[in-house]
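Following: one structure in structure tokens, then a few remarks.
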Number of protein chains: 2
Amino acid sequence: MKRQGPKVVIAGAGFGGLEAARALRRSPVDVTVVDRQNHHCFQPLLYQVATAALSPADVAWPIRHILRDQRNATVLMASVKGADTQQRFLQTDIGNVPYDYLVIATGAMHSYFGHDEWAQTAPGLKRIEDATRIRRGILIAFERAEATNDEAERRRLLTFVIVGGGATGVEMAGAIAEVALQTLAADFRRIDPRSARIVLIEAGPRILPTFPEDLSAYVHDTLVHDGVTVMTTTRVTRCDAGGVDLDGGRIDAATVIWAAGVMASPAAQWLGAEADSAGRVKVEPDLSVPGHPQVFVIGDTAAVMSPDGRPVPGIAPAAKQMGRYAGRLIASRIAGNSAAKPFRYVHAGDLATVGRRAAVVKLGRLQLKGFVGWLFWSLAHIYFLIGLRNRFIVAFTWLWSYLTFQRGARLITHSEPDQDPPNQL
Amino acid sequence: MKRQGPKVVIAGAGFGGLEAARALRRSPVDVTVVDRQNHHCFQPLLYQVATAALSPADVAWPIRHILRDQRNATVLMASVKGADTQQRFLQTDIGNVPYDYLVIATGAMHSYFGHDEWAQTAPGLKRIEDATRIRRGILIAFERAEATNDEAERRRLLTFVIVGGGATGVEMAGAIAEVALQTLAADFRRIDPRSARIVLIEAGPRILPTFPEDLSAYVHDTLVHDGVTVMTTTRVTRCDAGGVDLDGGRIDAATVIWAAGVMASPAAQWLGAEADSAGRVKVEPDLSVPGHPQVFVIGDTAAVMSPDGRPVPGIAPAAKQMGRYAGRLIASRIAGNSAAKPFRYVHAGDLATVGRRAAVVKLGRLQLKGFVGWLFWSLAHIYFLIGLRNRFIVAFTWLWSYLTFQRGARLITHSEPDQDPPNQL
């Protein structure tokens, strides 16, 4: 393969990494996108996979396919293990990848505040595998509840705890309520799925803290109306196989879902750079790493300040803006321009949805809620889905489940073909 | 829960088991359907999941949902461990299930002719998990081939061996050829996916032995035209991680798919009944087990003769006919009728498809091939798919991939959320 120009290596094919690659499509560079997965995952809709509304393939798309027409881009499926900023290569599980410019966009994982062992029983929701694991857990809980004769165990099996009242936690709680109240209502003979207990736990004083207070209150009321127990100013002190301990109390639950905190991928260690308490690399105003003007860190892995002095939030539009900025900056440098305006984040707005037909939208001065909010939320998400086919399938699936209350992806699957289903939930 | 009549327990919710349950929908009985999965799998389309054309949820449907409106039916997710024909209960991993009538419809698994260790490297295709495992293997092979600099290893990675020239083997070979020639052709930079070698190995003198010779020859020619190497009268003597040994020779291949033989589920052992060499229970003309007139074995688990003296084939229509017969016989017995006509299999025909737009159909004296055959094959499969939604999604997905050559489900996923992809293919 002929090398045609400066080598730009992009680690991570999330929103930020892909946008950086695209920004370089007309530059005389040789782009290599490295990701440990073969697919880009549309994380904002992952909770719909976890609650059996969409299939994994509806919210994920092969990275190669996204970049197939960008002839200066190569895709490598590999896990990043480190970086050598002196010799300038990225270390991966399948070998070293030399770079002239490096963009780190490897995102974030869940953080259990020092209790990594909670991950065993309280999975978070970042990857396709997390979503199918949670889906399996939720569906198996109903199956086991139908099969047991032990009343206390049945209560435990039908209790679902979501830790964290941000957008992901709210969306999971709303979707699980919909599964129990609508989708499964008539499918069981011994249990009534509508008796399921869904508990959303938030440490702060209100859910959706980044939203205006009235939208926050509206979502709170909608969840309560749908049968969700919302507990604010409540801290989870322990997660185990039987449930969760709270500040003062205990909830027995077979299903616990973690939506409370994130920790950046270990880019600071790879680069020997300074990080904040969430592991994010403290970057220069041009998103480069101090002392390494040819290395950039973007998206959830970077600690960046907004013009208003608040940290840039860990959401898709922010990652995309950083990716576009870094890609253009590299293109401009290669074209011989050395001066660059610092990165400036523009906050477009916040969206969250709660179950069926109710969403909250905050875009500048525009605030929407209820059905109009849901419609806006749906259109926005369909619009941003990569790939024409996925847009059609998701739109059709939503319309279908809107009309029928059904969810088409209620599969309990596991990976080993010849063994019985695992006993743990 | 009130018990309302004689207890009919059906083990297995495949084509046969579901049909038996449906045949009892108007009877004053209490039906319990036991399956270790929560979903019915539409096996004839499983190869499309294995080759990334469809998502698992497109070819599977929750058993509870299928039976939700049949109020006399209960579904239990449990693995059958045995049966006590004296005390009359089915033994499962979650307890005993008493019966008055028992229908065993637990299907078949792959058979490696005494070499169970081959299953490690040469998976068969019976369940959703098999399909996603094979899909992962095929896609990872291309990824690894793109990453390696070792020419021999690259050849091995791009060699795909399918053992067994029946309908499943032919369909897999055709679909993998399509993936390599069309879907992936433009997605890689270092390898040319079109150089992939796809080898279909059949021990007998011709592929599709149940079809007329001219249709068999047509499929053979179509496969060869699509770049598939077809080897007949060739026996595989060993499968290992590096490839396969043949009668006289060796093929190095990273991907080996087993479509050569099946072995019935161990119903004969559970019941202490006599079985044929493929493990199928030798049943009476009314499908009951000798000495146990209230126990029936149907579908791939039963050895039954056609009126023409040939064994009833292990295909969906045969299982459905047996299920309907057994369900109706039980309903009739409960209604007080003791005489019953013996089961009589009616062979409707054979279908097989090879890649894009070419299929062979044999229905009585009607023979179709090429595009007309493919159209018939598509409509027949969409018609038989359970659930209106799945029909729409599959029809749309096929139309889409027909127009674009794309496959929407090219996901490499694995089960453990926090580990790197497994190294084995």
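We name chains A, B, ... following the order of the structure tokens; residues begin at 1 in each chain, and ligands are numbered from 1 as shown.
With only C-alpha atoms taken into account, the protein and nucleic acid residues at most 7 Å from B:Arg136 (excluding it and anything under 3 positions from it in its own chain) are Thr132, Arg133, Leu139, Ile140, Ile412 and Thr413 of chain B.
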Could you turn the residues from that selection into a file that holds N, CA and C atoms, as an mmCIF file, in the first residue's frame?
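The file below, part_13.cif, is the result:
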```cif
data_model
loop_
_atom_site.group_PDB
_atom_site.id
_atom_site.type_symbol
_atom_site.label_atom_id
_atom_site.label_comp_id
_atom_site.auth_asym_id
_atom_site.auth_seq_id
_atom_site.Cartn_x
_atom_site.Cartn_y
_atom_site.Cartn_z
ATOM 1 N N THR B 132 -24.781 -15.780 15.539
ATOM 2 C CA THR B 132 -23.965 -14.606 15.863
ATOM 3 C C THR B 132 -22.507 -15.003 16.043
ATOM 4 N N ARG B 133 -22.274 -16.231 16.508
ATOM 5 C CA ARG B 133 -20.886 -16.702 16.610
ATOM 6 C C ARG B 133 -20.248 -16.822 15.223
ATOM 7 N N LEU B 139 -16.629 -12.031 10.065
ATOM 8 C CA LEU B 139 -16.240 -10.616 10.008
ATOM 9 C C LEU B 139 -14.844 -10.397 10.592
ATOM 10 N N ILE B 140 -14.533 -11.120 11.687
ATOM 11 C CA ILE B 140 -13.202 -10.964 12.280
ATOM 12 C C ILE B 140 -12.130 -11.489 11.326
ATOM 13 N N ILE B 412 -19.605 -7.136 14.960
ATOM 14 C CA ILE B 412 -18.808 -8.091 15.715
ATOM 15 C C ILE B 412 -19.099 -7.806 17.175
ATOM 16 N N THR B 413 -19.805 -8.693 17.825
ATOM 17 C CA THR B 413 -20.106 -8.473 19.237
ATOM 18 C C THR B 413 -19.670 -9.698 20.006
#
```
Shell around stretch 160-176 of chain B at 8 Å using only C-alpha atoms, local window under 4 positions removed, as number ranges by chain: B: 47-48, 51, 180, 196-203, 206-209, 223, 226, 228, 236, 253-261, 351-356
All residues 9 Å or closer to A:Arg410, only C-alpha atoms, same chain fewer than 6 positions away omitted, as a list in words: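 Counting only the stated atoms, we get Thr51, Ala52, Ala53, Arg135, Arg136 and Leu139 of chain A; Asn38, His39, Ala57, Ala60, Trp61 and Pro62 of chain B.
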Selected residue, from A:Val59, A:Ala302, A:Leu399, A:Leu67, that lies nearest to A:Ile104 when counting only C-alpha atoms: A:Ala302
Residues near stretch 307-321 of chain A, cut-off 6 Å, only C-alpha atoms, skip fewer than 3 positions along chain, as a list of chain:residue names: A:Phe15, A:Gly16, A:Glu19, A:Gly299, A:Asp300, A:Val304, A:Arg324
Backbone-only DSSP, alpha helix (DSSP H) members of stretch 186-233 of chain A, as an MDAnalysis selection string: chainID A and resid 213:225
Sel. of strand (DSSP E) residues, stretch 7-128 of chain A, as a PyMOL selection string: chain A and resi 7-11+30-35+39-41+60-62+73-77+80-84+89-92+95-98+101-104+108-110
Output N, CA and C atoms of each residue in that selection to a file, as a short mmCIF file (atom, residue, chain, number, x, y, z; two decimals), in the first residue's frame.
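New file part31.cif:
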```cif
data_model
loop_
_atom_site.label_atom_id
_atom_site.label_comp_id
_atom_site.auth_asym_id
_atom_site.auth_seq_id
_atom_site.Cartn_x
_atom_site.Cartn_y
_atom_site.Cartn_z
N LYS A 7 0.91 11.02 8.19
CA LYS A 7 0.06 9.98 8.76
C LYS A 7 -0.73 10.54 9.93
N VAL A 8 -2.05 10.53 9.81
CA VAL A 8 -2.92 10.95 10.90
C VAL A 8 -3.58 9.70 11.47
N VAL A 9 -3.33 9.42 12.74
CA VAL A 9 -3.94 8.26 13.37
C VAL A 9 -5.01 8.74 14.33
N ILE A 10 -6.20 8.18 14.19
CA ILE A 10 -7.33 8.55 15.04
C ILE A 10 -7.71 7.32 15.85
N ALA A 11 -7.61 7.42 17.18
CA ALA A 11 -7.96 6.29 18.03
C ALA A 11 -9.38 6.49 18.53
N ASP A 30 -2.81 10.56 5.11
CA ASP A 30 -3.10 9.13 5.16
C ASP A 30 -3.72 8.89 6.55
N VAL A 31 -5.05 8.76 6.59
CA VAL A 31 -5.77 8.63 7.86
C VAL A 31 -5.92 7.15 8.23
N THR A 32 -5.61 6.81 9.48
CA THR A 32 -5.90 5.47 9.98
C THR A 32 -6.80 5.59 11.21
N VAL A 33 -7.96 4.99 11.14
CA VAL A 33 -8.89 5.00 12.27
C VAL A 33 -8.77 3.65 12.97
N VAL A 34 -8.43 3.70 14.26
CA VAL A 34 -8.24 2.47 15.04
C VAL A 34 -9.38 2.38 16.06
N ASP A 35 -10.06 1.24 16.09
CA ASP A 35 -11.11 1.05 17.11
C ASP A 35 -11.12 -0.41 17.49
N HIS A 39 -17.61 -1.54 14.78
CA HIS A 39 -18.77 -0.70 14.50
C HIS A 39 -18.75 0.58 15.32
N HIS A 40 -19.32 1.60 14.73
CA HIS A 40 -19.64 2.83 15.44
C HIS A 40 -20.98 2.62 16.12
N CYS A 41 -21.06 2.97 17.40
CA CYS A 41 -22.31 2.77 18.14
C CYS A 41 -22.98 4.11 18.38
N ALA A 60 -25.99 0.58 15.27
CA ALA A 60 -24.55 0.44 15.06
C ALA A 60 -24.30 0.23 13.58
N TRP A 61 -23.13 0.60 13.14
CA TRP A 61 -22.86 0.62 11.71
C TRP A 61 -21.38 0.33 11.54
N PRO A 62 -20.99 -0.55 10.62
CA PRO A 62 -19.57 -0.87 10.48
C PRO A 62 -18.75 0.40 10.15
N ALA A 73 -8.70 7.06 3.92
CA ALA A 73 -8.88 6.52 5.28
C ALA A 73 -8.81 5.00 5.29
N THR A 74 -8.04 4.47 6.24
CA THR A 74 -7.93 3.03 6.47
C THR A 74 -8.49 2.75 7.86
N VAL A 75 -9.15 1.63 8.02
CA VAL A 75 -9.71 1.27 9.33
C VAL A 75 -8.99 0.05 9.85
N LEU A 76 -8.60 0.08 11.11
CA LEU A 76 -7.97 -1.08 11.74
C LEU A 76 -8.74 -1.43 13.00
N MET A 77 -9.13 -2.70 13.12
CA MET A 77 -9.78 -3.13 14.34
C MET A 77 -8.69 -3.58 15.31
N VAL A 80 -6.23 -0.12 21.66
CA VAL A 80 -5.10 0.74 22.01
C VAL A 80 -4.53 0.30 23.36
N LYS A 81 -3.21 0.17 23.41
CA LYS A 81 -2.55 -0.22 24.65
C LYS A 81 -1.68 0.89 25.22
N GLY A 82 -1.33 1.85 24.39
CA GLY A 82 -0.47 2.94 24.85
C GLY A 82 -0.02 3.77 23.67
N ALA A 83 0.88 4.72 23.96
CA ALA A 83 1.41 5.56 22.89
C ALA A 83 2.86 5.89 23.22
N ASP A 84 3.68 5.99 22.20
CA ASP A 84 5.06 6.44 22.39
C ASP A 84 5.16 7.80 21.72
N PHE A 89 4.43 6.60 17.83
CA PHE A 89 3.54 5.53 17.34
C PHE A 89 2.53 5.18 18.43
N LEU A 90 1.39 4.69 17.97
CA LEU A 90 0.34 4.21 18.86
C LEU A 90 0.57 2.72 19.06
N GLN A 91 0.49 2.27 20.31
CA GLN A 91 0.67 0.84 20.58
C GLN A 91 -0.70 0.16 20.64
N THR A 92 -0.84 -0.93 19.88
CA THR A 92 -2.11 -1.67 19.90
C THR A 92 -1.84 -3.15 20.10
N GLY A 95 0.01 -4.54 17.13
CA GLY A 95 1.24 -3.92 16.64
C GLY A 95 1.22 -2.41 16.77
N ASN A 96 2.34 -1.79 16.41
CA ASN A 96 2.47 -0.34 16.52
C ASN A 96 2.00 0.34 15.25
N VAL A 97 1.38 1.50 15.40
CA VAL A 97 0.89 2.27 14.27
C VAL A 97 1.54 3.65 14.33
N PRO A 98 2.49 3.92 13.42
CA PRO A 98 3.20 5.20 13.47
C PRO A 98 2.31 6.37 13.05
N TYR A 101 0.43 12.89 13.18
CA TYR A 101 -0.56 13.53 14.05
C TYR A 101 -1.40 12.42 14.69
N LEU A 102 -1.73 12.63 15.95
CA LEU A 102 -2.53 11.63 16.66
C LEU A 102 -3.74 12.30 17.29
N VAL A 103 -4.91 11.70 17.09
CA VAL A 103 -6.13 12.19 17.73
C VAL A 103 -6.67 11.06 18.61
N ILE A 104 -6.76 11.34 19.91
CA ILE A 104 -7.28 10.34 20.84
C ILE A 104 -8.75 10.66 21.11
N ALA A 108 -15.35 7.29 27.10
CA ALA A 108 -15.37 7.07 28.55
C ALA A 108 -16.08 5.76 28.86
N MET A 109 -15.82 5.25 30.05
CA MET A 109 -16.55 4.08 30.55
C MET A 109 -17.27 4.49 31.83
N HIS A 110 -18.05 3.56 32.39
CA HIS A 110 -18.73 3.84 33.66
C HIS A 110 -17.69 3.98 34.76
#
```
Shell of 9 Å around stretch 360-372 of chain A, only C-alpha atoms, local chain residues under 2 positions omitted, as a PyMOL selection string: chain A and resi 211-212+215-216+218-219+347-354+356-358+374-377
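Distances from A:Arg190, A:Ser265, A:Gln86, A:Asp252 to A:Ala152 were compared using only C-alpha atoms, and the smallest one belongs to A:Asp252.
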Interatomic distance, atom CA of B:Ser27 to atom CA of B:Ile330 (Å, one decimal):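 Between atom CA of B:Ser27 and atom CA of B:Ile330 the gap works out to 9.1 Å.
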